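The file entry21.txt contains compact mmCIF, N, CA and C atoms:
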# COMPACT_ATOMS: atom_id res chain seq x y z
N GLN H 1 -38.01 -71.61 44.77
CA GLN H 1 -38.33 -70.25 45.14
C GLN H 1 -39.37 -69.69 44.16
N VAL H 2 -40.03 -68.64 44.62
CA VAL H 2 -41.06 -68.02 43.79
C VAL H 2 -40.41 -67.31 42.62
N GLN H 3 -40.94 -67.57 41.44
CA GLN H 3 -40.47 -66.88 40.24
C GLN H 3 -41.66 -66.43 39.42
N LEU H 4 -41.56 -65.23 38.89
CA LEU H 4 -42.57 -64.68 38.00
C LEU H 4 -41.84 -64.22 36.74
N VAL H 5 -42.29 -64.71 35.60
CA VAL H 5 -41.63 -64.38 34.34
C VAL H 5 -42.65 -63.79 33.38
N GLU H 6 -42.45 -62.52 33.07
CA GLU H 6 -43.35 -61.82 32.15
C GLU H 6 -42.90 -62.00 30.71
N SER H 7 -43.84 -61.93 29.81
CA SER H 7 -43.55 -61.94 28.38
C SER H 7 -44.67 -61.22 27.65
N GLY H 8 -44.40 -60.84 26.41
CA GLY H 8 -45.45 -60.27 25.58
C GLY H 8 -45.37 -58.78 25.35
N GLY H 9 -44.42 -58.12 25.96
CA GLY H 9 -44.30 -56.69 25.72
C GLY H 9 -43.80 -56.41 24.31
N GLY H 10 -43.74 -55.13 23.98
CA GLY H 10 -43.26 -54.76 22.66
C GLY H 10 -43.70 -53.36 22.29
N SER H 11 -43.60 -53.06 21.01
CA SER H 11 -43.96 -51.75 20.51
C SER H 11 -45.18 -51.86 19.63
N VAL H 12 -46.08 -50.90 19.77
CA VAL H 12 -47.33 -50.92 19.01
C VAL H 12 -47.77 -49.49 18.78
N GLN H 13 -48.53 -49.27 17.73
CA GLN H 13 -49.07 -47.94 17.49
C GLN H 13 -50.31 -47.72 18.35
N ALA H 14 -50.59 -46.48 18.61
CA ALA H 14 -51.78 -46.12 19.38
C ALA H 14 -53.02 -46.74 18.73
N GLY H 15 -53.87 -47.27 19.59
CA GLY H 15 -55.07 -47.96 19.11
C GLY H 15 -54.88 -49.45 18.96
N GLY H 16 -53.64 -49.89 19.04
CA GLY H 16 -53.34 -51.31 18.89
C GLY H 16 -53.52 -52.08 20.18
N SER H 17 -53.15 -53.36 20.12
CA SER H 17 -53.33 -54.25 21.27
C SER H 17 -52.06 -55.04 21.55
N LEU H 18 -51.89 -55.39 22.81
CA LEU H 18 -50.82 -56.28 23.23
C LEU H 18 -51.36 -57.17 24.33
N SER H 19 -50.77 -58.35 24.45
CA SER H 19 -51.16 -59.25 25.52
C SER H 19 -49.91 -59.65 26.31
N LEU H 20 -49.95 -59.45 27.60
CA LEU H 20 -48.85 -59.81 28.47
C LEU H 20 -49.18 -61.11 29.21
N SER H 21 -48.14 -61.90 29.47
CA SER H 21 -48.30 -63.12 30.25
C SER H 21 -47.33 -63.11 31.43
N CYS H 22 -47.74 -63.74 32.50
CA CYS H 22 -46.90 -63.86 33.69
C CYS H 22 -46.95 -65.31 34.14
N ALA H 23 -45.88 -66.03 33.90
CA ALA H 23 -45.79 -67.44 34.30
C ALA H 23 -45.20 -67.53 35.69
N ALA H 24 -45.97 -68.15 36.60
CA ALA H 24 -45.54 -68.25 38.00
C ALA H 24 -45.03 -69.66 38.31
N SER H 25 -44.09 -69.74 39.21
CA SER H 25 -43.60 -71.03 39.66
C SER H 25 -43.08 -70.91 41.08
N GLY H 26 -42.92 -72.06 41.72
CA GLY H 26 -42.36 -72.06 43.07
C GLY H 26 -43.37 -71.97 44.18
N PHE H 27 -44.65 -71.96 43.83
CA PHE H 27 -45.69 -71.94 44.85
C PHE H 27 -46.96 -72.55 44.29
N THR H 28 -47.84 -72.94 45.21
CA THR H 28 -49.15 -73.46 44.82
C THR H 28 -50.06 -72.30 44.45
N TYR H 29 -50.68 -72.42 43.29
CA TYR H 29 -51.52 -71.31 42.80
C TYR H 29 -52.88 -71.35 43.48
N SER H 30 -52.85 -71.02 44.75
CA SER H 30 -54.06 -71.00 45.55
C SER H 30 -53.91 -69.90 46.60
N ARG H 31 -55.02 -69.18 46.88
CA ARG H 31 -54.96 -68.07 47.83
C ARG H 31 -53.83 -67.10 47.45
N VAL H 32 -53.78 -66.78 46.19
CA VAL H 32 -52.77 -65.85 45.73
C VAL H 32 -53.42 -64.70 44.98
N CYS H 33 -52.91 -63.53 45.21
CA CYS H 33 -53.34 -62.33 44.50
C CYS H 33 -52.27 -62.02 43.46
N MET H 34 -52.68 -61.99 42.20
CA MET H 34 -51.77 -61.66 41.10
C MET H 34 -52.10 -60.26 40.60
N ALA H 35 -51.09 -59.50 40.33
CA ALA H 35 -51.32 -58.12 39.90
C ALA H 35 -50.35 -57.72 38.81
N TRP H 36 -50.77 -56.72 38.06
CA TRP H 36 -49.90 -56.06 37.09
C TRP H 36 -49.70 -54.61 37.55
N PHE H 37 -48.46 -54.20 37.56
CA PHE H 37 -48.08 -52.82 37.86
C PHE H 37 -47.38 -52.26 36.63
N ARG H 38 -47.28 -50.95 36.59
CA ARG H 38 -46.49 -50.32 35.54
C ARG H 38 -45.78 -49.10 36.10
N GLN H 39 -44.65 -48.80 35.48
CA GLN H 39 -43.90 -47.61 35.87
C GLN H 39 -43.31 -46.96 34.63
N ALA H 40 -43.72 -45.72 34.41
CA ALA H 40 -43.20 -44.93 33.32
C ALA H 40 -42.04 -44.09 33.82
N PRO H 41 -41.13 -43.69 32.95
CA PRO H 41 -40.00 -42.86 33.37
C PRO H 41 -40.45 -41.60 34.09
N GLY H 42 -39.88 -41.37 35.26
CA GLY H 42 -40.21 -40.19 36.02
C GLY H 42 -41.51 -40.25 36.78
N LYS H 43 -42.18 -41.39 36.73
CA LYS H 43 -43.47 -41.51 37.42
C LYS H 43 -43.40 -42.62 38.46
N GLU H 44 -44.32 -42.57 39.40
CA GLU H 44 -44.39 -43.61 40.41
C GLU H 44 -45.00 -44.87 39.82
N ARG H 45 -44.63 -45.98 40.42
CA ARG H 45 -45.21 -47.25 40.00
C ARG H 45 -46.68 -47.27 40.40
N GLU H 46 -47.53 -47.77 39.54
CA GLU H 46 -48.95 -47.83 39.84
C GLU H 46 -49.50 -49.23 39.57
N LYS H 47 -50.45 -49.60 40.39
CA LYS H 47 -51.15 -50.87 40.23
C LYS H 47 -52.16 -50.73 39.11
N VAL H 48 -52.03 -51.56 38.11
CA VAL H 48 -52.89 -51.47 36.93
C VAL H 48 -54.12 -52.37 37.08
N ALA H 49 -53.89 -53.61 37.50
CA ALA H 49 -54.98 -54.57 37.60
C ALA H 49 -54.58 -55.69 38.55
N SER H 50 -55.57 -56.35 39.13
CA SER H 50 -55.28 -57.51 39.97
C SER H 50 -56.41 -58.51 39.88
N ILE H 51 -56.06 -59.76 40.20
CA ILE H 51 -57.03 -60.85 40.13
C ILE H 51 -56.69 -61.86 41.21
N TYR H 52 -57.73 -62.42 41.81
CA TYR H 52 -57.55 -63.39 42.89
C TYR H 52 -57.68 -64.80 42.33
N SER H 53 -56.81 -65.69 42.79
CA SER H 53 -56.77 -67.05 42.25
C SER H 53 -58.10 -67.77 42.43
N GLY H 54 -58.86 -67.42 43.46
CA GLY H 54 -60.13 -68.07 43.70
C GLY H 54 -61.30 -67.44 42.98
N GLY H 55 -61.03 -66.49 42.10
CA GLY H 55 -62.09 -65.82 41.37
C GLY H 55 -62.64 -64.64 42.14
N GLY H 56 -63.78 -64.14 41.70
CA GLY H 56 -64.37 -62.96 42.33
C GLY H 56 -64.02 -61.70 41.56
N MET H 57 -64.18 -60.57 42.23
CA MET H 57 -63.99 -59.27 41.58
C MET H 57 -62.53 -59.04 41.22
N THR H 58 -62.34 -58.33 40.14
CA THR H 58 -61.01 -57.90 39.74
C THR H 58 -60.88 -56.40 39.95
N TYR H 59 -59.64 -55.93 39.89
CA TYR H 59 -59.36 -54.52 40.08
C TYR H 59 -58.73 -53.94 38.82
N TYR H 60 -59.14 -52.71 38.48
CA TYR H 60 -58.49 -51.97 37.41
C TYR H 60 -58.34 -50.52 37.85
N THR H 61 -57.22 -49.95 37.56
CA THR H 61 -57.08 -48.53 37.79
C THR H 61 -57.95 -47.79 36.76
N ASP H 62 -58.44 -46.62 37.12
CA ASP H 62 -59.40 -45.91 36.28
C ASP H 62 -58.89 -45.70 34.85
N ALA H 63 -57.62 -45.46 34.71
CA ALA H 63 -57.06 -45.12 33.39
C ALA H 63 -57.16 -46.26 32.37
N VAL H 64 -57.36 -47.48 32.84
CA VAL H 64 -57.38 -48.61 31.90
C VAL H 64 -58.73 -49.31 31.86
N LYS H 65 -59.68 -48.88 32.66
CA LYS H 65 -60.99 -49.54 32.68
C LYS H 65 -61.63 -49.49 31.31
N GLY H 66 -62.15 -50.64 30.90
CA GLY H 66 -62.78 -50.74 29.59
C GLY H 66 -61.82 -51.04 28.46
N ARG H 67 -60.52 -50.97 28.74
CA ARG H 67 -59.52 -51.23 27.70
C ARG H 67 -58.65 -52.44 28.03
N PHE H 68 -58.35 -52.65 29.30
CA PHE H 68 -57.50 -53.76 29.72
C PHE H 68 -58.35 -54.84 30.38
N THR H 69 -57.92 -56.08 30.22
CA THR H 69 -58.59 -57.20 30.87
C THR H 69 -57.55 -58.12 31.50
N ILE H 70 -57.71 -58.36 32.79
CA ILE H 70 -56.83 -59.31 33.47
C ILE H 70 -57.53 -60.66 33.56
N SER H 71 -56.76 -61.72 33.39
CA SER H 71 -57.33 -63.07 33.47
C SER H 71 -56.24 -64.02 33.97
N GLN H 72 -56.61 -65.26 34.17
CA GLN H 72 -55.64 -66.22 34.65
C GLN H 72 -56.01 -67.62 34.22
N ASP H 73 -55.03 -68.47 34.17
CA ASP H 73 -55.22 -69.90 33.95
C ASP H 73 -54.58 -70.59 35.14
N ASN H 74 -55.41 -71.00 36.09
CA ASN H 74 -54.88 -71.56 37.33
C ASN H 74 -54.05 -72.81 37.08
N ALA H 75 -54.49 -73.64 36.15
CA ALA H 75 -53.77 -74.88 35.85
C ALA H 75 -52.37 -74.59 35.33
N LYS H 76 -52.24 -73.52 34.57
CA LYS H 76 -50.93 -73.14 34.02
C LYS H 76 -50.17 -72.19 34.93
N LYS H 77 -50.83 -71.76 36.02
CA LYS H 77 -50.22 -70.83 36.95
C LYS H 77 -49.73 -69.59 36.21
N THR H 78 -50.61 -69.07 35.38
CA THR H 78 -50.26 -67.94 34.53
C THR H 78 -51.35 -66.87 34.60
N ALA H 79 -50.92 -65.64 34.73
CA ALA H 79 -51.81 -64.50 34.68
C ALA H 79 -51.56 -63.74 33.38
N TYR H 80 -52.62 -63.10 32.90
CA TYR H 80 -52.54 -62.41 31.61
C TYR H 80 -53.07 -61.00 31.76
N LEU H 81 -52.60 -60.14 30.87
CA LEU H 81 -53.15 -58.79 30.78
C LEU H 81 -53.33 -58.48 29.30
N LEU H 82 -54.58 -58.43 28.87
CA LEU H 82 -54.90 -58.07 27.50
C LEU H 82 -55.13 -56.57 27.45
N MET H 83 -54.38 -55.91 26.62
CA MET H 83 -54.43 -54.45 26.54
C MET H 83 -54.91 -54.04 25.16
N ASN H 84 -56.10 -53.46 25.11
CA ASN H 84 -56.68 -52.97 23.86
C ASN H 84 -56.71 -51.45 23.84
N SER H 85 -56.90 -50.90 22.65
CA SER H 85 -57.01 -49.45 22.49
C SER H 85 -55.88 -48.73 23.21
N LEU H 86 -54.68 -49.19 22.98
CA LEU H 86 -53.54 -48.64 23.70
C LEU H 86 -53.31 -47.19 23.35
N LYS H 87 -52.88 -46.44 24.35
CA LYS H 87 -52.60 -45.02 24.22
C LYS H 87 -51.12 -44.77 24.50
N HIS H 88 -50.64 -43.64 24.04
CA HIS H 88 -49.23 -43.31 24.27
C HIS H 88 -48.92 -43.32 25.77
N GLU H 89 -49.89 -42.86 26.55
CA GLU H 89 -49.66 -42.78 27.99
C GLU H 89 -49.63 -44.14 28.67
N ASP H 90 -49.89 -45.21 27.93
CA ASP H 90 -49.74 -46.56 28.49
C ASP H 90 -48.29 -47.04 28.41
N THR H 91 -47.44 -46.26 27.75
CA THR H 91 -46.03 -46.62 27.64
C THR H 91 -45.40 -46.70 29.02
N ALA H 92 -44.81 -47.85 29.33
CA ALA H 92 -44.21 -48.07 30.64
C ALA H 92 -43.56 -49.44 30.68
N MET H 93 -42.81 -49.67 31.75
CA MET H 93 -42.38 -51.02 32.06
C MET H 93 -43.50 -51.67 32.88
N TYR H 94 -43.92 -52.83 32.46
CA TYR H 94 -44.99 -53.54 33.14
C TYR H 94 -44.42 -54.70 33.94
N TYR H 95 -44.87 -54.79 35.19
CA TYR H 95 -44.38 -55.82 36.10
C TYR H 95 -45.53 -56.68 36.60
N CYS H 96 -45.26 -57.95 36.70
CA CYS H 96 -46.18 -58.89 37.35
C CYS H 96 -45.77 -59.01 38.82
N ALA H 97 -46.75 -59.13 39.67
CA ALA H 97 -46.48 -59.26 41.10
C ALA H 97 -47.42 -60.28 41.73
N ALA H 98 -46.97 -60.89 42.81
CA ALA H 98 -47.79 -61.89 43.49
C ALA H 98 -47.72 -61.72 44.99
N ALA H 99 -48.86 -61.98 45.63
CA ALA H 99 -48.94 -61.95 47.09
C ALA H 99 -49.59 -63.25 47.53
N LEU H 100 -48.84 -64.10 48.19
CA LEU H 100 -49.35 -65.39 48.63
C LEU H 100 -50.14 -65.23 49.93
N GLY H 101 -51.02 -66.18 50.17
CA GLY H 101 -51.78 -66.16 51.42
C GLY H 101 -52.89 -65.13 51.45
N THR H 102 -53.28 -64.61 50.31
CA THR H 102 -54.40 -63.66 50.26
C THR H 102 -55.70 -64.44 50.41
N VAL H 103 -56.58 -63.97 51.26
CA VAL H 103 -57.74 -64.80 51.61
C VAL H 103 -58.95 -64.64 50.70
N ASP H 104 -59.09 -63.49 50.03
CA ASP H 104 -60.25 -63.32 49.16
C ASP H 104 -60.00 -62.20 48.16
N SER H 105 -60.98 -62.04 47.25
CA SER H 105 -60.79 -61.08 46.16
C SER H 105 -60.82 -59.64 46.66
N ILE H 106 -61.58 -59.39 47.74
CA ILE H 106 -61.65 -58.02 48.26
C ILE H 106 -60.28 -57.58 48.76
N ARG H 107 -59.63 -58.45 49.50
CA ARG H 107 -58.28 -58.11 49.98
C ARG H 107 -57.30 -57.99 48.83
N CYS H 108 -57.51 -58.75 47.79
CA CYS H 108 -56.65 -58.66 46.62
C CYS H 108 -56.82 -57.30 45.94
N ILE H 109 -58.06 -56.85 45.85
CA ILE H 109 -58.32 -55.54 45.25
C ILE H 109 -57.63 -54.44 46.04
N ARG H 110 -57.68 -54.56 47.36
CA ARG H 110 -57.15 -53.50 48.23
C ARG H 110 -55.65 -53.58 48.40
N ARG H 111 -55.04 -54.71 48.04
CA ARG H 111 -53.63 -54.93 48.34
C ARG H 111 -52.74 -54.01 47.52
N ALA H 112 -51.80 -53.38 48.21
CA ALA H 112 -50.84 -52.50 47.56
C ALA H 112 -49.40 -53.04 47.67
N ASP H 113 -49.15 -53.86 48.67
CA ASP H 113 -47.80 -54.39 48.87
C ASP H 113 -47.74 -55.82 48.34
N PHE H 114 -46.75 -56.09 47.52
CA PHE H 114 -46.58 -57.40 46.92
C PHE H 114 -45.12 -57.84 47.12
N PRO H 115 -44.92 -58.99 47.73
CA PRO H 115 -43.53 -59.42 48.03
C PRO H 115 -42.75 -59.94 46.82
N TYR H 116 -43.48 -60.44 45.82
CA TYR H 116 -42.80 -61.10 44.71
C TYR H 116 -43.05 -60.36 43.40
N TRP H 117 -41.96 -60.21 42.63
CA TRP H 117 -42.03 -59.42 41.40
C TRP H 117 -41.30 -60.11 40.27
N GLY H 118 -41.80 -59.89 39.06
CA GLY H 118 -41.08 -60.31 37.88
C GLY H 118 -40.06 -59.27 37.47
N GLN H 119 -39.38 -59.55 36.37
CA GLN H 119 -38.31 -58.67 35.92
C GLN H 119 -38.83 -57.51 35.08
N GLY H 120 -40.06 -57.61 34.64
CA GLY H 120 -40.67 -56.54 33.87
C GLY H 120 -40.58 -56.76 32.37
N THR H 121 -41.52 -56.18 31.66
CA THR H 121 -41.53 -56.22 30.21
C THR H 121 -41.96 -54.84 29.69
N GLN H 122 -41.24 -54.33 28.71
CA GLN H 122 -41.48 -52.98 28.23
C GLN H 122 -42.63 -52.94 27.23
N VAL H 123 -43.50 -51.97 27.43
CA VAL H 123 -44.58 -51.69 26.48
C VAL H 123 -44.40 -50.26 25.99
N THR H 124 -44.29 -50.12 24.69
CA THR H 124 -44.11 -48.80 24.09
C THR H 124 -45.21 -48.57 23.06
N VAL H 125 -45.95 -47.47 23.25
CA VAL H 125 -47.05 -47.14 22.36
C VAL H 125 -46.71 -45.83 21.67
N SER H 126 -46.63 -45.88 20.37
CA SER H 126 -46.30 -44.68 19.60
C SER H 126 -47.58 -44.00 19.14
N SER H 127 -47.56 -42.69 19.22
CA SER H 127 -48.77 -41.93 18.86
C SER H 127 -48.74 -41.53 17.39
In structure tokens, write the structure found in this file.
Amino acid sequence: QVQLVESGGGSVQAGGSLSLSCAASGFTYSRVCMAWFRQAPGKEREKVASIYSGGGMTYYTDAVKGRFTISQDNAKKTAYLLMNSLKHEDTAMYYCAAALGTVDSIRCIRRADFPYWGQGTQVTVSS
């Protein structure tokens, strides 16, 4: 079965950096859209970034552009989220998500529904 396992969360001071990893298993890492979401207490879950297994354009929500970088290692079936210049408002539970059968990067950018989710990893940024 499909499994997504996040790691790398933790606590950091504002201005610091963290790197999250999402190890995928149970499917062929092809035609898949991988995404990172986050949800802060009392707020709706939001899509932070996404990347298509076949390459092409990536997606970032405006609040993280220029600070976060999504990447992947197809051979390791792992997606990453490098978070620099962290702000207090980045504090949230971060989730990895996957959508299989995605045909291209444009559809990956536009995709909002993801069937598969990891358990989440907490990121706390102190100001």
Interatomic distance (Å, one decimal) between atom C of Gly101 of chain H and atom CA of Arg31 of chain H: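 Computing the Euclidean distance for atom C of Gly101 of chain H and atom CA of Arg31 of chain H yields 5.1 Å.
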Nearest-residue call for Thr91 of chain H, choices H:Lys77, H:Arg38, H:Arg45, H:Lys65, using all atoms listed in the file: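 Among H:Lys77, H:Arg38, H:Arg45, H:Lys65, it is H:Arg38 that comes nearest to Thr91 of chain H.
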Those of chain H in DSSP alpha helix (DSSP H), formatted as a PyMOL selection string: chain H and resi 105-110
Gap from atom CA of Gln3 of chain H to atom CA of Gly66 of chain H - Å, one decimal: 29.5 Å
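Residues of protein, DNA and RNA with at least one atom no farther than 8 Å from (-39.3, -54.4, 27.8) are, using only N, CA and C atoms, Gly8, Gly9, Gly10, Ala92, Met93, Tyr94, Gln119, Gly120, Thr121, Gln122, Val123 and Thr124 of chain H.
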H:Ser50, H:Ser71, H:Ser126, H:Thr58 ranked by distance to Ser11 of chain H, top pick (using only C-alpha atoms): H:Ser126
Length of the atom CA of Met34 of chain H to atom CA of Asp104 of chain H vector [Å]: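 Calculated distance between atom CA of Met34 of chain H and atom CA of Asp104 of chain H is 11.8 Å.
For Glu46 of chain H, the set of protein, DNA and RNA residues having any atom at most 6 Å away, when counting all atoms listed in the file and skipping those fewer than 4 positions along the same chain, is Trp36, Phe37, Arg38 and Gln39 of chain H.
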